[in-house]
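Enquirer: Below: one structure in structure tokens.
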Amino acid sequence: MSDSAQPRLALVGDRGNHDEPSHPKIDAMREQWDVFTEWVPTVDIHDASRLDGFDGIWVVPGAPYFNQKGVHLAVRHARENALPFLGTCGGFFSALIEHAQNVLHLPEAEGVDEDPEKLLPLVTPLTCSFRGEKAPLTVKEDSLLASIYGTTNVEEVFHCEYGLTADFMGAASQGSLQISAWDSDGAPRALEITGHPFFMGSLFQPELSSAPGDEHVILKTFLNAVRVSASTPSPQHAL
């Protein structure tokens, strides 16, 4: 819970990196939110103290990030302190790897946030690569994502060309972290953590199909979770 009256949301990412089309979209929308937003460059995050006072964290697209370790610190901070978390495109990768590293302790995830060379074997071209195009998804029944959509069959906008290998995805999506959406080839495209107020990662980018005042339903739900977080006492126990 933040000390200020207005909810505070950290936009973790390297603004303008790779000319990400999502960044100007986010800038246009955030001016109309009743939420204070701040871009937090990944190179500024050396420990969780940089994120003190925020009521939610959004790891925005833009991988490879300038400081992957800082991104993982942000993901872990949100996960362990029950802060609403959204990770889109590169944020999906980061959420999955952080969980594999710090919860499951998978050996292949060790050190990937400090040595990019260790990440390369886990990366693979997507079976279906879309650049700003819509693709169909099947959503897991009884998931948070299904409750947000109100259906299990949707179409979403992608702008990613790379994913993580199927073997690593399967090993990393264990325990409380579950895959909640798949593309037409059966490849994972969204994840969430059960028992968390709001923790979601997606390879698709809801911000690309949003406009100021007409935000995607995932963004609306996430922002509402941030507002609730701002008015809720800090949790006494980490997840």
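Residue numbering restarts at 1 for every chain of the structure tokens, chains are lettered A, B, ... in their displayed order, and ligands are numbered from 1 as they appear.
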According to DSSP computed on the backbone, where in range 34-96 of chain A is there alpha helix (DSSP H)? Give the residues as a PyMOL selection string.
Expert: chain A and resi 68-80+90-96
Enquirer: Output N, CA and C atoms for every residue in the selection just made, as a JSON list (two decimals), in the first residue's frame.
Expert:
```
[["chain", "number", "residue", "atom", "x", "y", "z"],
["A", 68, "GLN", "N", 18.30, -7.35, -17.17],
["A", 68, "GLN", "CA", 17.34, -8.42, -16.94],
["A", 68, "GLN", "C", 17.22, -8.74, -15.46],
["A", 69, "LYS", "N", 18.31, -8.63, -14.72],
["A", 69, "LYS", "CA", 18.25, -8.91, -13.29],
["A", 69, "LYS", "C", 17.30, -7.95, -12.60],
["A", 70, "GLY", "N", 17.31, -6.67, -13.01],
["A", 70, "GLY", "CA", 16.38, -5.71, -12.43],
["A", 70, "GLY", "C", 14.94, -6.07, -12.71],
["A", 71, "VAL", "N", 14.68, -6.60, -13.91],
["A", 71, "VAL", "CA", 13.32, -7.05, -14.25],
["A", 71, "VAL", "C", 12.90, -8.19, -13.33],
["A", 72, "HIS", "N", 13.79, -9.15, -13.12],
["A", 72, "HIS", "CA", 13.47, -10.28, -12.25],
["A", 72, "HIS", "C", 13.25, -9.84, -10.80],
["A", 73, "LEU", "N", 13.99, -8.84, -10.37],
["A", 73, "LEU", "CA", 13.76, -8.29, -9.03],
["A", 73, "LEU", "C", 12.35, -7.69, -8.92],
["A", 74, "ALA", "N", 11.91, -7.04, -9.99],
["A", 74, "ALA", "CA", 10.57, -6.44, -10.00],
["A", 74, "ALA", "C", 9.50, -7.52, -9.97],
["A", 75, "VAL", "N", 9.68, -8.56, -10.78],
["A", 75, "VAL", "CA", 8.72, -9.67, -10.81],
["A", 75, "VAL", "C", 8.64, -10.32, -9.43],
["A", 76, "ARG", "N", 9.79, -10.59, -8.85],
["A", 76, "ARG", "CA", 9.82, -11.26, -7.54],
["A", 76, "ARG", "C", 9.17, -10.38, -6.48],
["A", 77, "HIS", "N", 9.42, -9.09, -6.52],
["A", 77, "HIS", "CA", 8.82, -8.16, -5.55],
["A", 77, "HIS", "C", 7.30, -8.22, -5.63],
["A", 78, "ALA", "N", 6.77, -8.22, -6.83],
["A", 78, "ALA", "CA", 5.31, -8.30, -7.00],
["A", 78, "ALA", "C", 4.78, -9.65, -6.55],
["A", 79, "ARG", "N", 5.48, -10.70, -6.92],
["A", 79, "ARG", "CA", 5.02, -12.06, -6.58],
["A", 79, "ARG", "C", 5.01, -12.28, -5.07],
["A", 80, "GLU", "N", 6.09, -11.89, -4.39],
["A", 80, "GLU", "CA", 6.21, -12.18, -2.97],
["A", 80, "GLU", "C", 5.40, -11.24, -2.08],
["A", 90, "GLY", "N", 7.81, -9.43, -23.44],
["A", 90, "GLY", "CA", 9.00, -9.74, -22.65],
["A", 90, "GLY", "C", 8.70, -9.93, -21.18],
["A", 91, "GLY", "N", 7.63, -9.30, -20.68],
["A", 91, "GLY", "CA", 7.23, -9.48, -19.29],
["A", 91, "GLY", "C", 6.75, -10.90, -19.01],
["A", 92, "PHE", "N", 6.16, -11.54, -20.02],
["A", 92, "PHE", "CA", 5.75, -12.95, -19.89],
["A", 92, "PHE", "C", 6.98, -13.83, -19.69],
["A", 93, "PHE", "N", 8.01, -13.64, -20.56],
["A", 93, "PHE", "CA", 9.24, -14.41, -20.41],
["A", 93, "PHE", "C", 9.83, -14.24, -19.02],
["A", 94, "SER", "N", 9.89, -12.99, -18.59],
["A", 94, "SER", "CA", 10.54, -12.67, -17.33],
["A", 94, "SER", "C", 9.82, -13.31, -16.15],
["A", 95, "ALA", "N", 8.49, -13.29, -16.18],
["A", 95, "ALA", "CA", 7.71, -13.89, -15.10],
["A", 95, "ALA", "C", 7.94, -15.39, -15.03],
["A", 96, "LEU", "N", 7.99, -16.03, -16.20],
["A", 96, "LEU", "CA", 8.18, -17.47, -16.23],
["A", 96, "LEU", "C", 9.58, -17.85, -15.74]]
```
Enquirer: For Ile179 in chain A, work out the shell of residues within 9 Å, counting only C-alpha atoms and skipping chain neighbours fewer than 6 positions away, then give it as a VMD selection string.
Expert: chain A and resid 140 169 173 188 to 193
Enquirer: Generate a file of the selected residues that holds all heavy atoms, formatted as a PDB file, in the first residue's frame.
Expert:
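That gives us part10.pdb:
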```
ATOM      1  N   LYS A 140      -7.945 -21.221 -20.645  1.00  0.00           N
ATOM      2  CA  LYS A 140      -8.239 -22.274 -19.675  1.00  0.00           C
ATOM      3  C   LYS A 140      -9.500 -21.966 -18.893  1.00  0.00           C
ATOM      4  O   LYS A 140      -9.668 -20.856 -18.372  1.00  0.00           O
ATOM      5  CB  LYS A 140      -7.066 -22.415 -18.706  1.00  0.00           C
ATOM      6  CG  LYS A 140      -7.240 -23.509 -17.666  1.00  0.00           C
ATOM      7  CD  LYS A 140      -6.048 -23.559 -16.723  1.00  0.00           C
ATOM      8  CE  LYS A 140      -6.205 -24.636 -15.671  1.00  0.00           C
ATOM      9  NZ  LYS A 140      -5.061 -24.674 -14.740  1.00  0.00           N
ATOM     10  N   MET A 169       9.172 -24.334 -20.980  1.00  0.00           N
ATOM     11  CA  MET A 169       7.829 -23.879 -20.590  1.00  0.00           C
ATOM     12  C   MET A 169       7.144 -24.931 -19.735  1.00  0.00           C
ATOM     13  O   MET A 169       6.541 -24.619 -18.712  1.00  0.00           O
ATOM     14  CB  MET A 169       6.991 -23.606 -21.843  1.00  0.00           C
ATOM     15  CG  MET A 169       7.362 -22.323 -22.553  1.00  0.00           C
ATOM     16  SD  MET A 169       6.041 -21.125 -22.496  1.00  0.00           S
ATOM     17  CE  MET A 169       6.549 -20.015 -23.785  1.00  0.00           C
ATOM     18  N   SER A 173       6.209 -24.185 -15.733  1.00  0.00           N
ATOM     19  CA  SER A 173       4.806 -23.920 -15.378  1.00  0.00           C
ATOM     20  C   SER A 173       4.291 -25.006 -14.452  1.00  0.00           C
ATOM     21  O   SER A 173       3.444 -25.822 -14.809  1.00  0.00           O
ATOM     22  CB  SER A 173       3.940 -23.824 -16.639  1.00  0.00           C
ATOM     23  OG  SER A 173       4.088 -24.985 -17.443  1.00  0.00           O
ATOM     24  N   PRO A 188       1.878 -22.262 -25.337  1.00  0.00           N
ATOM     25  CA  PRO A 188       1.455 -21.354 -24.264  1.00  0.00           C
ATOM     26  C   PRO A 188       1.572 -19.887 -24.672  1.00  0.00           C
ATOM     27  O   PRO A 188       2.578 -19.478 -25.256  1.00  0.00           O
ATOM     28  CB  PRO A 188       2.414 -21.685 -23.117  1.00  0.00           C
ATOM     29  CG  PRO A 188       2.873 -23.074 -23.392  1.00  0.00           C
ATOM     30  CD  PRO A 188       2.965 -23.161 -24.881  1.00  0.00           C
ATOM     31  N   ARG A 189       0.562 -19.119 -24.310  1.00  0.00           N
ATOM     32  CA  ARG A 189       0.564 -17.698 -24.653  1.00  0.00           C
ATOM     33  C   ARG A 189       0.172 -16.802 -23.479  1.00  0.00           C
ATOM     34  O   ARG A 189       0.209 -15.585 -23.590  1.00  0.00           O
ATOM     35  CB  ARG A 189      -0.375 -17.431 -25.839  1.00  0.00           C
ATOM     36  CG  ARG A 189       0.110 -18.058 -27.143  1.00  0.00           C
ATOM     37  CD  ARG A 189       1.389 -17.429 -27.615  1.00  0.00           C
ATOM     38  NE  ARG A 189       1.909 -18.016 -28.827  1.00  0.00           N
ATOM     39  CZ  ARG A 189       2.924 -18.863 -28.887  1.00  0.00           C
ATOM     40  NH1 ARG A 189       3.506 -19.246 -27.754  1.00  0.00           N
ATOM     41  NH2 ARG A 189       3.365 -19.338 -30.035  1.00  0.00           N
ATOM     42  N   ALA A 190      -0.208 -17.387 -22.327  1.00  0.00           N
ATOM     43  CA  ALA A 190      -0.509 -16.595 -21.135  1.00  0.00           C
ATOM     44  C   ALA A 190      -0.290 -17.461 -19.904  1.00  0.00           C
ATOM     45  O   ALA A 190      -0.392 -18.697 -19.969  1.00  0.00           O
ATOM     46  CB  ALA A 190      -1.936 -16.057 -21.160  1.00  0.00           C
ATOM     47  N   LEU A 191       0.018 -16.803 -18.794  1.00  0.00           N
ATOM     48  CA  LEU A 191       0.221 -17.502 -17.528  1.00  0.00           C
ATOM     49  C   LEU A 191      -0.381 -16.681 -16.398  1.00  0.00           C
ATOM     50  O   LEU A 191      -0.634 -15.486 -16.529  1.00  0.00           O
ATOM     51  CB  LEU A 191       1.725 -17.740 -17.280  1.00  0.00           C
ATOM     52  CG  LEU A 191       2.647 -16.520 -17.164  1.00  0.00           C
ATOM     53  CD1 LEU A 191       2.625 -15.881 -15.783  1.00  0.00           C
ATOM     54  CD2 LEU A 191       4.081 -16.911 -17.508  1.00  0.00           C
ATOM     55  N   GLU A 192      -0.613 -17.348 -15.284  1.00  0.00           N
ATOM     56  CA  GLU A 192      -1.064 -16.667 -14.083  1.00  0.00           C
ATOM     57  C   GLU A 192      -0.632 -17.469 -12.867  1.00  0.00           C
ATOM     58  O   GLU A 192      -0.254 -18.642 -12.993  1.00  0.00           O
ATOM     59  CB  GLU A 192      -2.574 -16.459 -14.091  1.00  0.00           C
ATOM     60  CG  GLU A 192      -3.394 -17.723 -14.237  1.00  0.00           C
ATOM     61  CD  GLU A 192      -4.861 -17.423 -14.512  1.00  0.00           C
ATOM     62  OE1 GLU A 192      -5.175 -16.823 -15.566  1.00  0.00           O
ATOM     63  OE2 GLU A 192      -5.700 -17.804 -13.660  1.00  0.00           O
ATOM     64  N   ILE A 193      -0.633 -16.819 -11.723  1.00  0.00           N
ATOM     65  CA  ILE A 193      -0.303 -17.493 -10.469  1.00  0.00           C
ATOM     66  C   ILE A 193      -1.556 -17.564  -9.616  1.00  0.00           C
ATOM     67  O   ILE A 193      -2.184 -16.538  -9.332  1.00  0.00           O
ATOM     68  CB  ILE A 193       0.829 -16.760  -9.715  1.00  0.00           C
ATOM     69  CG1 ILE A 193       2.164 -16.967 -10.449  1.00  0.00           C
ATOM     70  CG2 ILE A 193       0.944 -17.252  -8.276  1.00  0.00           C
ATOM     71  CD1 ILE A 193       3.354 -16.327  -9.770  1.00  0.00           C
TER      72      ILE A 193
END
```
Enquirer: Give the answer as one residue: which of A:Ser176, A:Ser143, A:Gln205, A:Asn67 has the shortest atom-to-atom distance to Asp44 in chain A, using only C-alpha atoms?
Expert: A:Asn67
Enquirer: I'd like the contact shell of Pro116 in chain A - 12 Å cut-off, only C-alpha atoms, skipping same-chain residues fewer than 6 positions apart - returned as a list in words.
Expert: Ala63, Pro64, Tyr65, Phe66, Asn67, Gln68, Lys69, Ala109, Glu110, Leu122 and Val123 of chain A
Enquirer: Pick the closest to Leu208 in chain A from A:Arg50, A:His23, A:His196, A:Arg8: which is it, counting only C-alpha atoms?
Expert: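 Of A:Arg50, A:His23, A:His196, A:Arg8, the one nearest Leu208 in chain A is A:His23, counting only C-alpha atoms.
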Enquirer: Of the candidates A:Thr42, A:Gln101, A:Thr221, A:Ser209, which shows the shortest atom-to-atom distance to Ser147 in chain A, using only C-alpha atoms?
Expert: A:Thr221
Enquirer: Leaving out Ser22 in chain A and any residue of its chain fewer than 3 positions from it, which residues lie within 7 Å of it when counting only C-alpha atoms, given as a ChimeraX atom specification?
Expert: /A:25-26,207-208
Enquirer: Could you give me, as a ChimeraX atom specification, the residues within 9 Å of Ser184 in chain A, counting only C-alpha atoms and dropping anything in the same chain fewer than 6 positions from it?
Expert: /A:128,135-138
Enquirer: Could you write those residues out with C-alpha atoms, as a PDB file, in the first residue's frame?
Expert:
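Result file follows (again-v3.pdb):
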```pdb
ATOM      1  CA  CYS A 128       3.253 -18.586 -35.439  1.00  0.00           C
ATOM      2  CA  ALA A 135      -4.503 -14.625 -33.612  1.00  0.00           C
ATOM      3  CA  PRO A 136      -7.017 -16.988 -31.959  1.00  0.00           C
ATOM      4  CA  LEU A 137      -6.465 -18.248 -28.418  1.00  0.00           C
ATOM      5  CA  THR A 138      -8.026 -20.922 -26.255  1.00  0.00           C
TER       6      THR A 138
END
```
Enquirer: Which of these, A:Ile45, A:Cys89, A:Ala181, A:Val228, has the shortest distance to Leu164 in chain A once you count only C-alpha atoms?
Expert: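 Nearest candidate to Leu164 in chain A out of A:Ile45, A:Cys89, A:Ala181, A:Val228: A:Cys89.
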Enquirer: Going by DSSP on the backbone, which bits of range 87-231 of chain A are strand (DSSP E or B)? Write them as a ChimeraX atom specification, please.
Expert: /A:87-88,123-125,133-139,153-158,162-164,177-182,188-193,199-202,204,211,214
Enquirer: Given the selection you just returned, output its residues as a file containing N, CA and C atoms, formatted as a tab-separated table (two decimals), in the first residue's frame.
Expert:
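The new file selection-v7.tsv reads:
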```tsv
chain	number	residue	atom	x	y	z
A	87	GLY	N	2.68	-8.69	-16.98
A	87	GLY	CA	3.88	-8.75	-17.82
A	87	GLY	C	3.47	-9.09	-19.23
A	88	THR	N	3.70	-8.19	-20.18
A	88	THR	CA	3.30	-8.43	-21.56
A	88	THR	C	4.53	-8.60	-22.45
A	123	VAL	N	15.50	-19.81	-25.80
A	123	VAL	CA	14.69	-18.99	-26.70
A	123	VAL	C	14.51	-19.69	-28.04
A	124	THR	N	13.30	-19.61	-28.58
A	124	THR	CA	13.02	-20.24	-29.87
A	124	THR	C	12.05	-19.35	-30.65
A	125	PRO	N	12.12	-19.35	-31.98
A	125	PRO	CA	11.13	-18.60	-32.76
A	125	PRO	C	9.74	-19.15	-32.51
A	133	GLU	N	-0.66	-8.41	-35.55
A	133	GLU	CA	-1.82	-9.09	-36.09
A	133	GLU	C	-2.56	-9.87	-35.00
A	134	LYS	N	-3.83	-10.14	-35.27
A	134	LYS	CA	-4.62	-10.91	-34.32
A	134	LYS	C	-4.49	-12.40	-34.59
A	135	ALA	N	-4.55	-13.17	-33.51
A	135	ALA	CA	-4.50	-14.63	-33.61
A	135	ALA	C	-5.46	-15.22	-32.59
A	136	PRO	N	-6.07	-16.37	-32.90
A	136	PRO	CA	-7.02	-16.99	-31.96
A	136	PRO	C	-6.30	-17.64	-30.78
A	137	LEU	N	-6.98	-17.63	-29.63
A	137	LEU	CA	-6.47	-18.25	-28.42
A	137	LEU	C	-7.55	-19.08	-27.76
A	138	THR	N	-7.13	-20.15	-27.11
A	138	THR	CA	-8.03	-20.92	-26.26
A	138	THR	C	-7.62	-20.67	-24.81
A	139	VAL	N	-8.57	-20.27	-23.99
A	139	VAL	CA	-8.32	-19.88	-22.61
A	139	VAL	C	-8.75	-21.01	-21.67
A	153	ASN	N	-12.71	-18.59	-25.77
A	153	ASN	CA	-12.23	-18.45	-27.14
A	153	ASN	C	-12.17	-16.98	-27.51
A	154	VAL	N	-10.94	-16.49	-27.76
A	154	VAL	CA	-10.75	-15.06	-28.03
A	154	VAL	C	-9.73	-14.88	-29.15
A	155	GLU	N	-9.56	-13.64	-29.58
A	155	GLU	CA	-8.49	-13.26	-30.49
A	155	GLU	C	-7.71	-12.12	-29.86
A	156	GLU	N	-6.39	-12.16	-29.99
A	156	GLU	CA	-5.56	-11.12	-29.40
A	156	GLU	C	-4.46	-10.69	-30.36
A	157	VAL	N	-3.93	-9.48	-30.10
A	157	VAL	CA	-2.88	-8.91	-30.94
A	157	VAL	C	-1.51	-9.31	-30.42
A	158	PHE	N	-0.68	-9.82	-31.32
A	158	PHE	CA	0.69	-10.20	-31.00
A	158	PHE	C	1.68	-9.27	-31.71
A	162	TYR	N	9.41	-14.33	-30.77
A	162	TYR	CA	10.16	-15.36	-30.07
A	162	TYR	C	9.44	-15.80	-28.80
A	163	GLY	N	9.66	-17.05	-28.43
A	163	GLY	CA	9.13	-17.58	-27.20
A	163	GLY	C	10.21	-18.38	-26.49
A	164	LEU	N	9.80	-19.14	-25.50
A	164	LEU	CA	10.72	-20.04	-24.80
A	164	LEU	C	10.44	-21.47	-25.24
A	177	LEU	N	2.13	-21.49	-10.53
A	177	LEU	CA	2.16	-20.85	-11.84
A	177	LEU	C	1.57	-21.80	-12.87
A	178	GLN	N	0.55	-21.33	-13.56
A	178	GLN	CA	-0.14	-22.17	-14.53
A	178	GLN	C	-0.29	-21.43	-15.86
A	179	ILE	N	-0.21	-22.20	-16.95
A	179	ILE	CA	-0.50	-21.64	-18.27
A	179	ILE	C	-2.02	-21.48	-18.39
A	180	SER	N	-2.45	-20.33	-18.88
A	180	SER	CA	-3.90	-20.07	-18.94
A	180	SER	C	-4.43	-19.76	-20.34
A	181	ALA	N	-3.55	-19.79	-21.36
A	181	ALA	CA	-4.02	-19.60	-22.74
A	181	ALA	C	-3.03	-20.21	-23.70
A	182	TRP	N	-3.54	-20.74	-24.80
A	182	TRP	CA	-2.72	-21.40	-25.82
A	182	TRP	C	-3.14	-20.91	-27.20
A	188	PRO	N	1.88	-22.26	-25.34
A	188	PRO	CA	1.46	-21.35	-24.26
A	188	PRO	C	1.57	-19.89	-24.67
A	189	ARG	N	0.56	-19.12	-24.31
A	189	ARG	CA	0.56	-17.70	-24.65
A	189	ARG	C	0.17	-16.80	-23.48
A	190	ALA	N	-0.21	-17.39	-22.33
A	190	ALA	CA	-0.51	-16.59	-21.14
A	190	ALA	C	-0.29	-17.46	-19.90
A	191	LEU	N	0.02	-16.80	-18.79
A	191	LEU	CA	0.22	-17.50	-17.53
A	191	LEU	C	-0.38	-16.68	-16.40
A	192	GLU	N	-0.61	-17.35	-15.28
A	192	GLU	CA	-1.06	-16.67	-14.08
A	192	GLU	C	-0.63	-17.47	-12.87
A	193	ILE	N	-0.63	-16.82	-11.72
A	193	ILE	CA	-0.30	-17.49	-10.47
A	193	ILE	C	-1.56	-17.56	-9.62
A	199	PHE	N	-1.84	-11.75	-10.89
A	199	PHE	CA	-0.51	-12.00	-11.43
A	199	PHE	C	-0.70	-12.66	-12.78
A	200	MET	N	-0.39	-11.92	-13.85
A	200	MET	CA	-0.66	-12.41	-15.19
A	200	MET	C	0.45	-11.99	-16.14
A	201	GLY	N	0.83	-12.93	-17.00
A	201	GLY	CA	1.76	-12.64	-18.08
A	201	GLY	C	1.16	-13.09	-19.40
A	202	SER	N	1.43	-12.35	-20.45
A	202	SER	CA	0.88	-12.74	-21.76
A	202	SER	C	1.88	-12.41	-22.86
A	204	PHE	N	0.74	-12.07	-25.88
A	204	PHE	CA	-0.01	-11.06	-26.63
A	204	PHE	C	0.00	-9.76	-25.85
A	211	ALA	N	-7.09	1.95	-26.49
A	211	ALA	CA	-7.00	3.37	-26.80
A	211	ALA	C	-7.35	4.14	-25.54
A	214	ASP	N	-10.61	3.65	-23.74
A	214	ASP	CA	-11.19	2.40	-24.23
A	214	ASP	C	-10.14	1.29	-24.08
```
Enquirer: So how far away is CA of His216 in chain A from CA of Leu203 in chain A, in Å?
Expert: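 Computing the Euclidean distance for CA of Leu203 in chain A and CA of His216 in chain A yields 14.9 Å.
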Enquirer: Between CA of Asp113 in chain A and CA of Ser49 in chain A, what distance in Å does the model show, to one decimal?
Expert: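 Spanning CA of Asp113 in chain A to CA of Ser49 in chain A is a straight-line distance of 18.5 Å.
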Enquirer: For a test of reading the model, state the distance in Å between CA of Cys160 in chain A and CA of Val35 in chain A, rounded to one decimal.
Expert: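 So the two atoms, CA of Cys160 in chain A and CA of Val35 in chain A, lie 27.7 Å apart.
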Enquirer: For each of A:Asn102, A:Thr232, A:Gln174, A:Gln6, take the minimum atom-to-atom distance to Thr37 in chain A, counting only C-alpha atoms, then give the residue where this is smallest.
Expert: A:Gln6
